[in-house]
Each structure stands twice: as C-alpha cells, then as structure tokens.
$ cat my_file07.txt   # compact mmCIF, N, CA and C atoms
# COMPACT_ATOMS: atom_id res chain seq x y z
N MET A 1 -74.29 -31.51 30.49
CA MET A 1 -75.43 -30.64 30.29
C MET A 1 -75.06 -29.17 30.51
N LEU A 2 -74.29 -28.90 31.58
CA LEU A 2 -73.96 -27.51 31.89
C LEU A 2 -73.13 -26.84 30.80
N GLU A 3 -72.28 -27.62 30.11
CA GLU A 3 -71.49 -27.02 29.03
C GLU A 3 -72.36 -26.60 27.85
N GLN A 4 -73.59 -27.08 27.82
CA GLN A 4 -74.52 -26.69 26.75
C GLN A 4 -75.28 -25.42 27.08
N ILE A 5 -75.19 -24.96 28.33
CA ILE A 5 -75.97 -23.77 28.72
C ILE A 5 -75.17 -22.72 29.48
N HIS A 6 -73.89 -22.95 29.71
CA HIS A 6 -73.13 -22.03 30.55
C HIS A 6 -73.03 -20.62 29.96
N LEU A 7 -72.91 -20.50 28.66
CA LEU A 7 -72.86 -19.16 28.05
C LEU A 7 -74.20 -18.44 28.19
N LEU A 8 -75.28 -19.18 28.01
CA LEU A 8 -76.61 -18.59 28.17
C LEU A 8 -76.82 -18.13 29.60
N ALA A 9 -76.37 -18.95 30.55
CA ALA A 9 -76.50 -18.58 31.96
C ALA A 9 -75.69 -17.32 32.27
N ALA A 10 -74.48 -17.23 31.73
CA ALA A 10 -73.64 -16.05 31.97
C ALA A 10 -74.28 -14.79 31.41
N VAL A 11 -74.83 -14.86 30.20
CA VAL A 11 -75.49 -13.69 29.61
C VAL A 11 -76.74 -13.34 30.41
N THR A 12 -77.44 -14.34 30.91
CA THR A 12 -78.61 -14.08 31.73
C THR A 12 -78.23 -13.32 33.00
N VAL A 13 -77.17 -13.74 33.66
CA VAL A 13 -76.72 -13.04 34.87
C VAL A 13 -76.32 -11.61 34.54
N LEU A 14 -75.61 -11.42 33.43
CA LEU A 14 -75.25 -10.05 33.02
C LEU A 14 -76.50 -9.21 32.77
N GLY A 15 -77.50 -9.82 32.15
CA GLY A 15 -78.75 -9.10 31.90
C GLY A 15 -79.45 -8.71 33.19
N VAL A 16 -79.45 -9.60 34.15
CA VAL A 16 -80.06 -9.28 35.45
C VAL A 16 -79.29 -8.15 36.13
N LEU A 17 -77.97 -8.22 36.08
CA LEU A 17 -77.17 -7.14 36.67
C LEU A 17 -77.42 -5.80 35.97
N GLU A 18 -77.62 -5.84 34.66
CA GLU A 18 -77.94 -4.61 33.94
C GLU A 18 -79.28 -4.06 34.40
N GLN A 19 -80.26 -4.93 34.59
CA GLN A 19 -81.56 -4.49 35.08
C GLN A 19 -81.44 -3.88 36.48
N VAL A 20 -80.62 -4.48 37.33
CA VAL A 20 -80.40 -3.94 38.67
C VAL A 20 -79.79 -2.54 38.57
N TYR A 21 -78.83 -2.38 37.67
CA TYR A 21 -78.23 -1.06 37.47
C TYR A 21 -79.28 -0.03 37.06
N PHE A 22 -80.17 -0.41 36.14
CA PHE A 22 -81.22 0.50 35.70
C PHE A 22 -82.16 0.86 36.86
N PHE A 23 -82.52 -0.15 37.67
CA PHE A 23 -83.39 0.10 38.83
C PHE A 23 -82.72 1.08 39.79
N LEU A 24 -81.43 0.86 40.04
CA LEU A 24 -80.70 1.74 40.96
C LEU A 24 -80.65 3.18 40.43
N GLN A 25 -80.53 3.33 39.12
CA GLN A 25 -80.51 4.67 38.54
C GLN A 25 -81.82 5.41 38.81
N VAL A 26 -82.93 4.68 38.78
CA VAL A 26 -84.22 5.30 39.08
C VAL A 26 -84.27 5.70 40.56
N ILE A 27 -83.77 4.84 41.43
CA ILE A 27 -83.75 5.18 42.86
C ILE A 27 -82.91 6.43 43.10
N TYR A 28 -81.74 6.48 42.49
CA TYR A 28 -80.88 7.66 42.65
C TYR A 28 -81.55 8.91 42.09
N ALA A 29 -82.23 8.78 40.97
CA ALA A 29 -82.92 9.92 40.37
C ALA A 29 -84.08 10.36 41.26
N ARG A 30 -84.80 9.43 41.86
CA ARG A 30 -85.88 9.79 42.78
C ARG A 30 -85.33 10.63 43.92
N ARG A 31 -84.20 10.21 44.47
CA ARG A 31 -83.59 10.95 45.57
C ARG A 31 -83.11 12.33 45.11
N ALA A 32 -82.47 12.36 43.94
CA ALA A 32 -81.92 13.62 43.44
C ALA A 32 -83.00 14.65 43.14
N PHE A 33 -84.16 14.18 42.65
CA PHE A 33 -85.23 15.10 42.26
C PHE A 33 -86.35 15.17 43.29
N GLY A 34 -86.22 14.45 44.40
CA GLY A 34 -87.22 14.48 45.46
C GLY A 34 -88.57 13.92 45.04
N ILE A 35 -88.56 12.82 44.33
CA ILE A 35 -89.80 12.21 43.84
C ILE A 35 -90.00 10.89 44.57
N SER A 36 -91.00 10.85 45.43
CA SER A 36 -91.27 9.65 46.20
C SER A 36 -92.24 8.75 45.45
N PRO A 37 -92.06 7.42 45.59
CA PRO A 37 -93.03 6.50 45.01
C PRO A 37 -94.40 6.72 45.64
N PRO A 38 -95.47 6.57 44.97
CA PRO A 38 -95.61 5.95 43.66
C PRO A 38 -95.58 6.95 42.49
N LYS A 39 -95.21 8.21 42.76
CA LYS A 39 -95.17 9.19 41.67
C LYS A 39 -94.20 8.74 40.58
N THR A 40 -94.61 8.95 39.34
CA THR A 40 -93.76 8.61 38.20
C THR A 40 -93.52 9.81 37.29
N SER A 41 -93.92 10.96 37.75
CA SER A 41 -93.70 12.16 36.94
C SER A 41 -92.89 13.16 37.75
N GLY A 42 -92.25 14.02 37.01
CA GLY A 42 -91.39 15.03 37.61
C GLY A 42 -90.67 15.77 36.51
N PRO A 43 -89.49 16.25 36.79
CA PRO A 43 -88.72 16.94 35.75
C PRO A 43 -88.41 15.99 34.59
N PRO A 44 -88.23 16.53 33.40
CA PRO A 44 -87.92 15.68 32.24
C PRO A 44 -86.72 14.76 32.46
N GLU A 45 -85.73 15.24 33.22
CA GLU A 45 -84.54 14.42 33.47
C GLU A 45 -84.93 13.14 34.22
N PHE A 46 -85.82 13.26 35.21
CA PHE A 46 -86.27 12.08 35.94
C PHE A 46 -87.13 11.19 35.05
N GLU A 47 -88.04 11.79 34.32
CA GLU A 47 -88.96 10.99 33.49
C GLU A 47 -88.22 10.19 32.43
N ARG A 48 -87.15 10.75 31.87
CA ARG A 48 -86.38 10.00 30.88
C ARG A 48 -85.70 8.78 31.52
N ILE A 49 -85.13 8.96 32.70
CA ILE A 49 -84.51 7.83 33.40
C ILE A 49 -85.55 6.79 33.74
N PHE A 50 -86.68 7.23 34.24
CA PHE A 50 -87.75 6.31 34.63
C PHE A 50 -88.26 5.53 33.41
N ARG A 51 -88.51 6.23 32.30
CA ARG A 51 -89.03 5.57 31.10
C ARG A 51 -87.99 4.59 30.52
N ALA A 52 -86.72 4.97 30.53
CA ALA A 52 -85.68 4.08 30.01
C ALA A 52 -85.64 2.79 30.81
N GLN A 53 -85.78 2.89 32.13
CA GLN A 53 -85.78 1.70 32.98
C GLN A 53 -87.02 0.85 32.73
N VAL A 54 -88.18 1.49 32.67
CA VAL A 54 -89.43 0.74 32.45
C VAL A 54 -89.42 0.07 31.08
N ASN A 55 -88.99 0.79 30.06
CA ASN A 55 -88.94 0.20 28.71
C ASN A 55 -88.00 -1.00 28.68
N SER A 56 -86.87 -0.87 29.33
CA SER A 56 -85.92 -1.99 29.36
C SER A 56 -86.50 -3.18 30.11
N SER A 57 -87.20 -2.92 31.19
CA SER A 57 -87.83 -4.00 31.96
C SER A 57 -88.92 -4.70 31.16
N GLU A 58 -89.65 -3.95 30.37
CA GLU A 58 -90.73 -4.53 29.58
C GLU A 58 -90.20 -5.52 28.54
N TYR A 59 -89.05 -5.24 27.99
CA TYR A 59 -88.48 -6.10 26.95
C TYR A 59 -87.65 -7.25 27.52
N PHE A 60 -87.29 -7.19 28.80
CA PHE A 60 -86.39 -8.19 29.37
C PHE A 60 -86.95 -9.61 29.30
N PRO A 61 -88.22 -9.87 29.62
CA PRO A 61 -88.72 -11.25 29.49
C PRO A 61 -88.68 -11.76 28.05
N ILE A 62 -88.96 -10.90 27.10
CA ILE A 62 -88.90 -11.30 25.69
C ILE A 62 -87.46 -11.67 25.33
N PHE A 63 -86.53 -10.84 25.75
CA PHE A 63 -85.12 -11.12 25.51
C PHE A 63 -84.70 -12.47 26.10
N LEU A 64 -85.06 -12.70 27.36
CA LEU A 64 -84.66 -13.96 28.01
C LEU A 64 -85.24 -15.17 27.30
N ALA A 65 -86.50 -15.11 26.95
CA ALA A 65 -87.14 -16.25 26.26
C ALA A 65 -86.44 -16.54 24.94
N LEU A 66 -86.18 -15.50 24.15
CA LEU A 66 -85.54 -15.69 22.85
C LEU A 66 -84.09 -16.14 23.00
N LEU A 67 -83.38 -15.59 23.97
CA LEU A 67 -81.99 -15.98 24.22
C LEU A 67 -81.90 -17.48 24.48
N TRP A 68 -82.73 -17.98 25.39
CA TRP A 68 -82.65 -19.39 25.75
C TRP A 68 -83.17 -20.30 24.64
N GLN A 69 -84.21 -19.90 23.95
CA GLN A 69 -84.69 -20.73 22.84
C GLN A 69 -83.64 -20.82 21.74
N ALA A 70 -83.06 -19.67 21.38
CA ALA A 70 -82.03 -19.67 20.34
C ALA A 70 -80.83 -20.51 20.77
N GLY A 71 -80.46 -20.41 22.03
CA GLY A 71 -79.31 -21.15 22.52
C GLY A 71 -79.54 -22.64 22.61
N LEU A 72 -80.73 -23.03 23.02
CA LEU A 72 -81.02 -24.45 23.19
C LEU A 72 -81.34 -25.14 21.87
N PHE A 73 -82.03 -24.45 20.98
CA PHE A 73 -82.47 -25.10 19.74
C PHE A 73 -81.59 -24.80 18.53
N PHE A 74 -80.77 -23.76 18.60
CA PHE A 74 -79.96 -23.42 17.43
C PHE A 74 -78.47 -23.54 17.77
N HIS A 75 -77.91 -22.55 18.49
CA HIS A 75 -76.49 -22.58 18.83
C HIS A 75 -76.24 -21.66 20.02
N GLN A 76 -75.68 -22.26 21.08
CA GLN A 76 -75.45 -21.49 22.31
C GLN A 76 -74.52 -20.29 22.09
N GLY A 77 -73.43 -20.49 21.37
CA GLY A 77 -72.47 -19.42 21.16
C GLY A 77 -73.05 -18.25 20.39
N LEU A 78 -73.78 -18.55 19.34
CA LEU A 78 -74.42 -17.48 18.56
C LEU A 78 -75.44 -16.73 19.41
N ALA A 79 -76.26 -17.48 20.13
CA ALA A 79 -77.27 -16.84 20.97
C ALA A 79 -76.63 -15.97 22.05
N ALA A 80 -75.57 -16.46 22.68
CA ALA A 80 -74.89 -15.68 23.71
C ALA A 80 -74.27 -14.41 23.12
N GLY A 81 -73.67 -14.54 21.93
CA GLY A 81 -73.11 -13.36 21.26
C GLY A 81 -74.18 -12.33 20.95
N LEU A 82 -75.30 -12.80 20.43
CA LEU A 82 -76.42 -11.89 20.15
C LEU A 82 -76.95 -11.29 21.45
N GLY A 83 -76.97 -12.10 22.50
CA GLY A 83 -77.41 -11.60 23.80
C GLY A 83 -76.52 -10.47 24.31
N LEU A 84 -75.22 -10.62 24.14
CA LEU A 84 -74.30 -9.56 24.55
C LEU A 84 -74.51 -8.29 23.73
N LEU A 85 -74.74 -8.46 22.43
CA LEU A 85 -75.04 -7.30 21.59
C LEU A 85 -76.31 -6.60 22.05
N TYR A 86 -77.33 -7.39 22.39
CA TYR A 86 -78.59 -6.82 22.88
C TYR A 86 -78.35 -6.03 24.16
N LEU A 87 -77.61 -6.61 25.10
CA LEU A 87 -77.36 -5.93 26.37
C LEU A 87 -76.56 -4.64 26.16
N CYS A 88 -75.60 -4.67 25.26
CA CYS A 88 -74.85 -3.45 24.94
C CYS A 88 -75.77 -2.39 24.34
N GLY A 89 -76.63 -2.83 23.44
CA GLY A 89 -77.59 -1.90 22.84
C GLY A 89 -78.53 -1.30 23.87
N ARG A 90 -78.98 -2.12 24.82
CA ARG A 90 -79.86 -1.62 25.88
C ARG A 90 -79.16 -0.64 26.79
N TYR A 91 -77.89 -0.91 27.09
CA TYR A 91 -77.13 0.02 27.92
C TYR A 91 -76.98 1.37 27.20
N CYS A 92 -76.63 1.31 25.92
CA CYS A 92 -76.52 2.55 25.13
C CYS A 92 -77.85 3.28 25.08
N TYR A 93 -78.93 2.53 24.93
CA TYR A 93 -80.27 3.10 24.94
C TYR A 93 -80.51 3.85 26.25
N PHE A 94 -80.20 3.21 27.37
CA PHE A 94 -80.44 3.83 28.67
C PHE A 94 -79.63 5.11 28.82
N VAL A 95 -78.35 5.04 28.51
CA VAL A 95 -77.46 6.19 28.67
C VAL A 95 -77.90 7.34 27.77
N ARG A 96 -78.24 7.02 26.54
CA ARG A 96 -78.63 8.08 25.60
C ARG A 96 -80.00 8.67 25.92
N TYR A 97 -80.92 7.81 26.35
CA TYR A 97 -82.25 8.30 26.72
C TYR A 97 -82.16 9.20 27.94
N ARG A 98 -81.28 8.85 28.88
CA ARG A 98 -81.09 9.69 30.06
C ARG A 98 -80.64 11.09 29.65
N ALA A 99 -79.82 11.18 28.62
CA ALA A 99 -79.31 12.47 28.16
C ALA A 99 -80.34 13.25 27.34
N SER A 100 -81.07 12.55 26.45
CA SER A 100 -82.03 13.21 25.57
C SER A 100 -82.95 12.17 24.95
N SER A 101 -84.23 12.48 24.89
CA SER A 101 -85.18 11.51 24.33
C SER A 101 -84.92 11.25 22.85
N LEU A 102 -84.38 12.21 22.14
CA LEU A 102 -84.09 12.01 20.72
C LEU A 102 -82.91 11.07 20.51
N GLU A 103 -82.01 10.99 21.47
CA GLU A 103 -80.80 10.16 21.34
C GLU A 103 -81.07 8.67 21.52
N ARG A 104 -82.28 8.31 21.93
CA ARG A 104 -82.59 6.91 22.24
C ARG A 104 -82.87 6.07 20.99
N LEU A 105 -83.15 6.70 19.87
CA LEU A 105 -83.68 5.97 18.71
C LEU A 105 -82.70 4.97 18.10
N THR A 106 -81.47 5.37 17.86
CA THR A 106 -80.51 4.44 17.23
C THR A 106 -80.31 3.19 18.06
N PRO A 107 -80.03 3.31 19.37
CA PRO A 107 -79.84 2.07 20.14
C PRO A 107 -81.11 1.24 20.30
N ILE A 108 -82.28 1.87 20.31
CA ILE A 108 -83.50 1.07 20.43
C ILE A 108 -83.75 0.29 19.14
N TYR A 109 -83.45 0.90 18.01
CA TYR A 109 -83.59 0.18 16.74
C TYR A 109 -82.58 -0.96 16.66
N PHE A 110 -81.37 -0.72 17.13
CA PHE A 110 -80.35 -1.76 17.15
C PHE A 110 -80.80 -2.93 18.02
N SER A 111 -81.27 -2.63 19.23
CA SER A 111 -81.73 -3.68 20.15
C SER A 111 -82.90 -4.46 19.56
N ALA A 112 -83.82 -3.75 18.94
CA ALA A 112 -84.96 -4.42 18.32
C ALA A 112 -84.50 -5.33 17.19
N GLY A 113 -83.53 -4.88 16.42
CA GLY A 113 -82.99 -5.71 15.34
C GLY A 113 -82.36 -7.00 15.88
N VAL A 114 -81.65 -6.90 16.99
CA VAL A 114 -81.05 -8.09 17.60
C VAL A 114 -82.16 -9.03 18.07
N LEU A 115 -83.23 -8.49 18.65
CA LEU A 115 -84.35 -9.34 19.07
C LEU A 115 -84.97 -10.07 17.89
N TRP A 116 -85.11 -9.38 16.76
CA TRP A 116 -85.67 -10.02 15.56
C TRP A 116 -84.76 -11.15 15.09
N ILE A 117 -83.45 -10.94 15.16
CA ILE A 117 -82.52 -12.00 14.76
C ILE A 117 -82.64 -13.19 15.72
N LEU A 118 -82.71 -12.91 17.03
CA LEU A 118 -82.90 -13.98 18.00
C LEU A 118 -84.20 -14.74 17.74
N LEU A 119 -85.24 -14.01 17.37
CA LEU A 119 -86.52 -14.65 17.06
C LEU A 119 -86.38 -15.58 15.84
N ALA A 120 -85.72 -15.08 14.80
CA ALA A 120 -85.54 -15.89 13.59
C ALA A 120 -84.70 -17.14 13.88
N VAL A 121 -83.63 -16.98 14.63
CA VAL A 121 -82.76 -18.10 14.96
C VAL A 121 -83.52 -19.11 15.82
N SER A 122 -84.31 -18.61 16.77
CA SER A 122 -85.13 -19.49 17.61
C SER A 122 -86.12 -20.28 16.77
N ALA A 123 -86.81 -19.59 15.89
CA ALA A 123 -87.81 -20.25 15.04
C ALA A 123 -87.17 -21.30 14.14
N LEU A 124 -86.02 -20.96 13.56
CA LEU A 124 -85.32 -21.94 12.71
C LEU A 124 -84.88 -23.16 13.51
N GLY A 125 -84.36 -22.93 14.69
CA GLY A 125 -83.93 -24.04 15.52
C GLY A 125 -85.08 -24.93 15.95
N ILE A 126 -86.19 -24.34 16.33
CA ILE A 126 -87.36 -25.12 16.74
C ILE A 126 -87.95 -25.85 15.54
N LEU A 127 -88.01 -25.20 14.38
CA LEU A 127 -88.50 -25.85 13.17
C LEU A 127 -87.62 -27.05 12.82
N HIS A 128 -86.32 -26.87 12.88
CA HIS A 128 -85.41 -27.97 12.60
C HIS A 128 -85.63 -29.12 13.57
N PHE A 129 -85.83 -28.82 14.84
CA PHE A 129 -86.08 -29.87 15.83
C PHE A 129 -87.35 -30.64 15.48
N PHE A 130 -88.44 -29.93 15.18
CA PHE A 130 -89.70 -30.60 14.84
C PHE A 130 -89.56 -31.46 13.59
N LEU A 131 -88.91 -30.91 12.57
CA LEU A 131 -88.75 -31.67 11.33
C LEU A 131 -87.90 -32.92 11.54
N SER A 132 -86.83 -32.81 12.30
CA SER A 132 -85.97 -33.97 12.51
C SER A 132 -86.58 -34.96 13.50
N HIS A 133 -87.20 -34.46 14.55
CA HIS A 133 -87.73 -35.33 15.60
C HIS A 133 -89.02 -36.04 15.18
N TYR A 134 -89.92 -35.32 14.53
CA TYR A 134 -91.22 -35.88 14.21
C TYR A 134 -91.36 -36.39 12.79
N MET A 135 -90.54 -35.87 11.88
CA MET A 135 -90.66 -36.29 10.48
C MET A 135 -89.41 -36.99 9.96
N GLY A 136 -88.38 -37.04 10.79
CA GLY A 136 -87.15 -37.71 10.36
C GLY A 136 -86.37 -36.96 9.29
N LEU A 137 -86.66 -35.68 9.09
CA LEU A 137 -85.96 -34.88 8.08
C LEU A 137 -84.81 -34.12 8.75
N ASN A 138 -83.63 -34.32 8.23
CA ASN A 138 -82.48 -33.57 8.71
C ASN A 138 -82.20 -32.49 7.66
N VAL A 139 -82.65 -31.29 7.94
CA VAL A 139 -82.54 -30.19 6.98
C VAL A 139 -81.07 -29.89 6.66
N LEU A 140 -80.22 -29.99 7.65
CA LEU A 140 -78.80 -29.71 7.42
C LEU A 140 -78.19 -30.71 6.44
N GLN A 141 -78.56 -31.99 6.57
CA GLN A 141 -78.07 -32.99 5.62
C GLN A 141 -78.62 -32.73 4.23
N LEU A 142 -79.88 -32.35 4.14
CA LEU A 142 -80.48 -32.06 2.83
C LEU A 142 -79.79 -30.88 2.15
N LEU A 143 -79.43 -29.86 2.93
CA LEU A 143 -78.80 -28.67 2.37
C LEU A 143 -77.34 -28.91 1.97
N THR A 144 -76.64 -29.75 2.74
CA THR A 144 -75.22 -29.96 2.45
C THR A 144 -74.96 -31.19 1.60
N GLY A 145 -75.94 -32.06 1.52
CA GLY A 145 -75.72 -33.32 0.79
C GLY A 145 -76.33 -33.28 -0.52
$ encode --input "my_file07.txt" --output "structure tokens"
Amino acid sequence: MLEQIHLLAAVTVLGVLEQVYFFLQVIYARRAFGISPPKTSGPPEFERIFRAQVNSSEYFPIFLALLWQAGLFFHQGLAAGLGLLYLCGRYCYFVRYRASSLERLTPIYFSAGVLWILLAVSALGILHFFLSHYMGLNVLQLLTG
C-alpha cells in the first residue's frame, strides 16, 4: 500500500514545509517592519509578503485534495510531478510578489494551470473508476482494443 502513496506523501511534506517557509517570512517581515498581530497592514513591502502567504495558504487545501485524488485514481507519478511543478510555481509566486505585485502574475497563472490539470486528471481517474467499478466498462481497453 505504501508504495502506492509514497510519492504523494513526499510532495505533501514538501508542500507543508513550503507553507512553513511562507509563514516564517511573514513573521520576519512583522519584526522588520514593527507590525504586531493582529494588524495586517503596513508598508507595501510587508503587505505583499503577507498577501503572498495568505493567497498560498488559501489554495493549499485545494492543491492537497487534487494531488491525492489524481494520485490515487489516476497515476501517482504524474500527480507527484504535477505537485512539484505546482510547488515550484508557488515559490516563484511568493518570491516575485515579495519583490513587486506586478511580478506575481506569470507564476500565479502557471500554478493555476497546474491545478486545472490536476483537476482534469482527478476527474478522469474518478470517472474511470466509476465506469469500471459500477458499469463494468474498462475505458482503457475500449480505447486500445
């Protein structure tokens, strides 16, 4: 069983570590700019770091759900590869947003594109499962045979 999920688990841990890094960046920025919680506003440099972290946190549950669905119902290796691309895109998003709000667009579009692919792969895998499990249709056999 573990060999069927080990790549997904590894990407999940990397994603959690990335989130921790983003959280720490906000803490460091709070200290650097003298902004105590619960305040969320301050100089533009702080607000960009704060927004990049919050935006990344908002998408993290969606990413995790799609990563695991794609990995379990379609293909673990493909899902893990897409997961790594997503995490790289999110890191680039964070770094670029920290520098300038205009620089965030390319990596956010890239990350969103990866999420859409994960969604499509998840949906195809789940559809295939339902068709084969409940209707006895093996779509792969129909396509190749």
$ atom_distance --input "my_file07.txt" --atom1 "atom CA of A:Phe63" --atom2 "atom CA of A:Arg104"
18.5 Å
$ atom_distance --input "my_file07.txt" --atom1 "atom CA of A:Glu103" --atom2 "atom CA of A:Gly42"
20.0 Å
$ closest_residue --input "my_file07.txt" --among "A:Val95, A:Leu105, A:Leu115, A:Ala80" --to "A:Leu7" --atoms "all atoms listed in the file"
A:Ala80
$ residues_around --input "my_file07.txt" --residues "A:Pro38" --least-positions-apart "5" --cutoff "12 Å" --atoms "only C-alpha atoms" --output "CSV table (one decimal) with N, CA and C atoms, keeping the file's coordinate frame"
chain,number,residue,atom,x,y,z
A,27,ILE,N,-83.8,4.8,41.4
A,27,ILE,CA,-83.8,5.2,42.9
A,27,ILE,C,-82.9,6.4,43.1
A,30,ARG,N,-84.8,9.4,41.9
A,30,ARG,CA,-85.9,9.8,42.8
A,30,ARG,C,-85.3,10.6,43.9
A,50,PHE,N,-86.7,7.2,34.2
A,50,PHE,CA,-87.8,6.3,34.6
A,50,PHE,C,-88.3,5.5,33.4
$ atom_distance --input "my_file07.txt" --atom1 "atom CA of A:Phe60" --atom2 "atom C of A:Ala99"
22.4 Å
$ residues_around --input "my_file07.txt" --residues "stretch 66-68 of chain A" --least-positions-apart "2" --cutoff "6.5 Å" --atoms "all atoms listed in the file" --output "JSON, numbers by chain"
{"A": [61, 62, 63, 64, 70, 71, 72, 73, 79, 83, 118, 119, 122]}
$ write_last_selection --input "my_file07.txt" --atoms "N, CA and C atoms" --output "PDB file, in the coordinates of the input"
ATOM      1  N   PRO A  61     -88.220  -9.870  29.620  1.00  0.00           N
ATOM      2  CA  PRO A  61     -88.720 -11.250  29.490  1.00  0.00           C
ATOM      3  C   PRO A  61     -88.680 -11.760  28.050  1.00  0.00           C
ATOM      4  N   ILE A  62     -88.960 -10.900  27.100  1.00  0.00           N
ATOM      5  CA  ILE A  62     -88.900 -11.300  25.690  1.00  0.00           C
ATOM      6  C   ILE A  62     -87.460 -11.670  25.330  1.00  0.00           C
ATOM      7  N   PHE A  63     -86.530 -10.840  25.750  1.00  0.00           N
ATOM      8  CA  PHE A  63     -85.120 -11.120  25.510  1.00  0.00           C
ATOM      9  C   PHE A  63     -84.700 -12.470  26.100  1.00  0.00           C
ATOM     10  N   LEU A  64     -85.060 -12.700  27.360  1.00  0.00           N
ATOM     11  CA  LEU A  64     -84.660 -13.960  28.010  1.00  0.00           C
ATOM     12  C   LEU A  64     -85.240 -15.170  27.300  1.00  0.00           C
ATOM     13  N   ALA A  70     -83.060 -19.670  21.380  1.00  0.00           N
ATOM     14  CA  ALA A  70     -82.030 -19.670  20.340  1.00  0.00           C
ATOM     15  C   ALA A  70     -80.830 -20.510  20.770  1.00  0.00           C
ATOM     16  N   GLY A  71     -80.460 -20.410  22.030  1.00  0.00           N
ATOM     17  CA  GLY A  71     -79.310 -21.150  22.520  1.00  0.00           C
ATOM     18  C   GLY A  71     -79.540 -22.640  22.610  1.00  0.00           C
ATOM     19  N   LEU A  72     -80.730 -23.030  23.020  1.00  0.00           N
ATOM     20  CA  LEU A  72     -81.020 -24.450  23.190  1.00  0.00           C
ATOM     21  C   LEU A  72     -81.340 -25.140  21.870  1.00  0.00           C
ATOM     22  N   PHE A  73     -82.030 -24.450  20.980  1.00  0.00           N
ATOM     23  CA  PHE A  73     -82.470 -25.100  19.740  1.00  0.00           C
ATOM     24  C   PHE A  73     -81.590 -24.800  18.530  1.00  0.00           C
ATOM     25  N   ALA A  79     -76.260 -17.480  20.130  1.00  0.00           N
ATOM     26  CA  ALA A  79     -77.270 -16.840  20.970  1.00  0.00           C
ATOM     27  C   ALA A  79     -76.630 -15.970  22.050  1.00  0.00           C
ATOM     28  N   GLY A  83     -76.970 -12.100  22.500  1.00  0.00           N
ATOM     29  CA  GLY A  83     -77.410 -11.600  23.800  1.00  0.00           C
ATOM     30  C   GLY A  83     -76.520 -10.470  24.310  1.00  0.00           C
ATOM     31  N   LEU A 118     -82.710 -12.910  17.030  1.00  0.00           N
ATOM     32  CA  LEU A 118     -82.900 -13.980  18.000  1.00  0.00           C
ATOM     33  C   LEU A 118     -84.200 -14.740  17.740  1.00  0.00           C
ATOM     34  N   LEU A 119     -85.240 -14.010  17.370  1.00  0.00           N
ATOM     35  CA  LEU A 119     -86.520 -14.650  17.060  1.00  0.00           C
ATOM     36  C   LEU A 119     -86.380 -15.580  15.840  1.00  0.00           C
ATOM     37  N   SER A 122     -84.310 -18.610  16.770  1.00  0.00           N
ATOM     38  CA  SER A 122     -85.130 -19.490  17.610  1.00  0.00           C
ATOM     39  C   SER A 122     -86.120 -20.280  16.770  1.00  0.00           C
TER      40      SER A 122
END
$ closest_residue --input "my_file07.txt" --among "A:Tyr93, A:Ala9, A:Ser111, A:Phe46" --to "A:Gly34" --atoms "only C-alpha atoms"
A:Phe46
$ select_by_dssp --input "my_file07.txt" --residues "stretch 23-115 of chain A" --states "alpha helix (DSSP H)" --output "VMD selection string"
chain A and resid 23 to 33 44 to 73 76 to 99 105 to 115
$ closest_residue --input "my_file07.txt" --among "A:Ala52, A:Leu17, A:Glu45, A:Lys39" --to "A:Phe94" --atoms "only C-alpha atoms"
A:Ala52
$ axis_aligned_box --input "my_file07.txt" --around "stretch 63-76 of chain A" --padding-each-side "3 Å" --output "lines of an AutoDock Vina configuration file"
center_x = -80.8
center_y = -18.0
center_z = 22.7
size_x = 18.6
size_y = 20.3
size_z = 16.6
$ residues_near_point --input "my_file07.txt" --point "(-80.0, -19.1, 10.3)" --cutoff "12 Å" --atoms "only C-alpha atoms" --output "compact mmCIF listing (two decimals) with N, CA and C atoms, in the frame of the given file"
# COMPACT_ATOMS: atom_id res chain seq x y z
N ALA A 70 -83.06 -19.67 21.38
CA ALA A 70 -82.03 -19.67 20.34
C ALA A 70 -80.83 -20.51 20.77
N PHE A 73 -82.03 -24.45 20.98
CA PHE A 73 -82.47 -25.10 19.74
C PHE A 73 -81.59 -24.80 18.53
N PHE A 74 -80.77 -23.76 18.60
CA PHE A 74 -79.96 -23.42 17.43
C PHE A 74 -78.47 -23.54 17.77
N HIS A 75 -77.91 -22.55 18.49
CA HIS A 75 -76.49 -22.58 18.83
C HIS A 75 -76.24 -21.66 20.02
N LEU A 78 -73.78 -18.55 19.34
CA LEU A 78 -74.42 -17.48 18.56
C LEU A 78 -75.44 -16.73 19.41
N ALA A 79 -76.26 -17.48 20.13
CA ALA A 79 -77.27 -16.84 20.97
C ALA A 79 -76.63 -15.97 22.05
N TRP A 116 -85.11 -9.38 16.76
CA TRP A 116 -85.67 -10.02 15.56
C TRP A 116 -84.76 -11.15 15.09
N ILE A 117 -83.45 -10.94 15.16
CA ILE A 117 -82.52 -12.00 14.76
C ILE A 117 -82.64 -13.19 15.72
N LEU A 118 -82.71 -12.91 17.03
CA LEU A 118 -82.90 -13.98 18.00
C LEU A 118 -84.20 -14.74 17.74
N LEU A 119 -85.24 -14.01 17.37
CA LEU A 119 -86.52 -14.65 17.06
C LEU A 119 -86.38 -15.58 15.84
N ALA A 120 -85.72 -15.08 14.80
CA ALA A 120 -85.54 -15.89 13.59
C ALA A 120 -84.70 -17.14 13.88
N VAL A 121 -83.63 -16.98 14.63
CA VAL A 121 -82.76 -18.10 14.96
C VAL A 121 -83.52 -19.11 15.82
N SER A 122 -84.31 -18.61 16.77
CA SER A 122 -85.13 -19.49 17.61
C SER A 122 -86.12 -20.28 16.77
N ALA A 123 -86.81 -19.59 15.89
CA ALA A 123 -87.81 -20.25 15.04
C ALA A 123 -87.17 -21.30 14.14
N LEU A 124 -86.02 -20.96 13.56
CA LEU A 124 -85.32 -21.94 12.71
C LEU A 124 -84.88 -23.16 13.51
N GLY A 125 -84.36 -22.93 14.69
CA GLY A 125 -83.93 -24.04 15.52
C GLY A 125 -85.08 -24.93 15.95
N ILE A 126 -86.19 -24.34 16.33
CA ILE A 126 -87.36 -25.12 16.74
C ILE A 126 -87.95 -25.85 15.54
N LEU A 127 -88.01 -25.20 14.38
CA LEU A 127 -88.50 -25.85 13.17
C LEU A 127 -87.62 -27.05 12.82
N HIS A 128 -86.32 -26.87 12.88
CA HIS A 128 -85.41 -27.97 12.60
C HIS A 128 -85.63 -29.12 13.57
N VAL A 139 -82.65 -31.29 7.94
CA VAL A 139 -82.54 -30.19 6.98
C VAL A 139 -81.07 -29.89 6.66
N LEU A 140 -80.22 -29.99 7.65
CA LEU A 140 -78.80 -29.71 7.42
C LEU A 140 -78.19 -30.71 6.44
$ closest_residue --input "my_file07.txt" --among "A:Ser36, A:Phe110, A:Asn138, A:Phe129" --to "A:Tyr86" --atoms "all atoms listed in the file"
A:Phe110
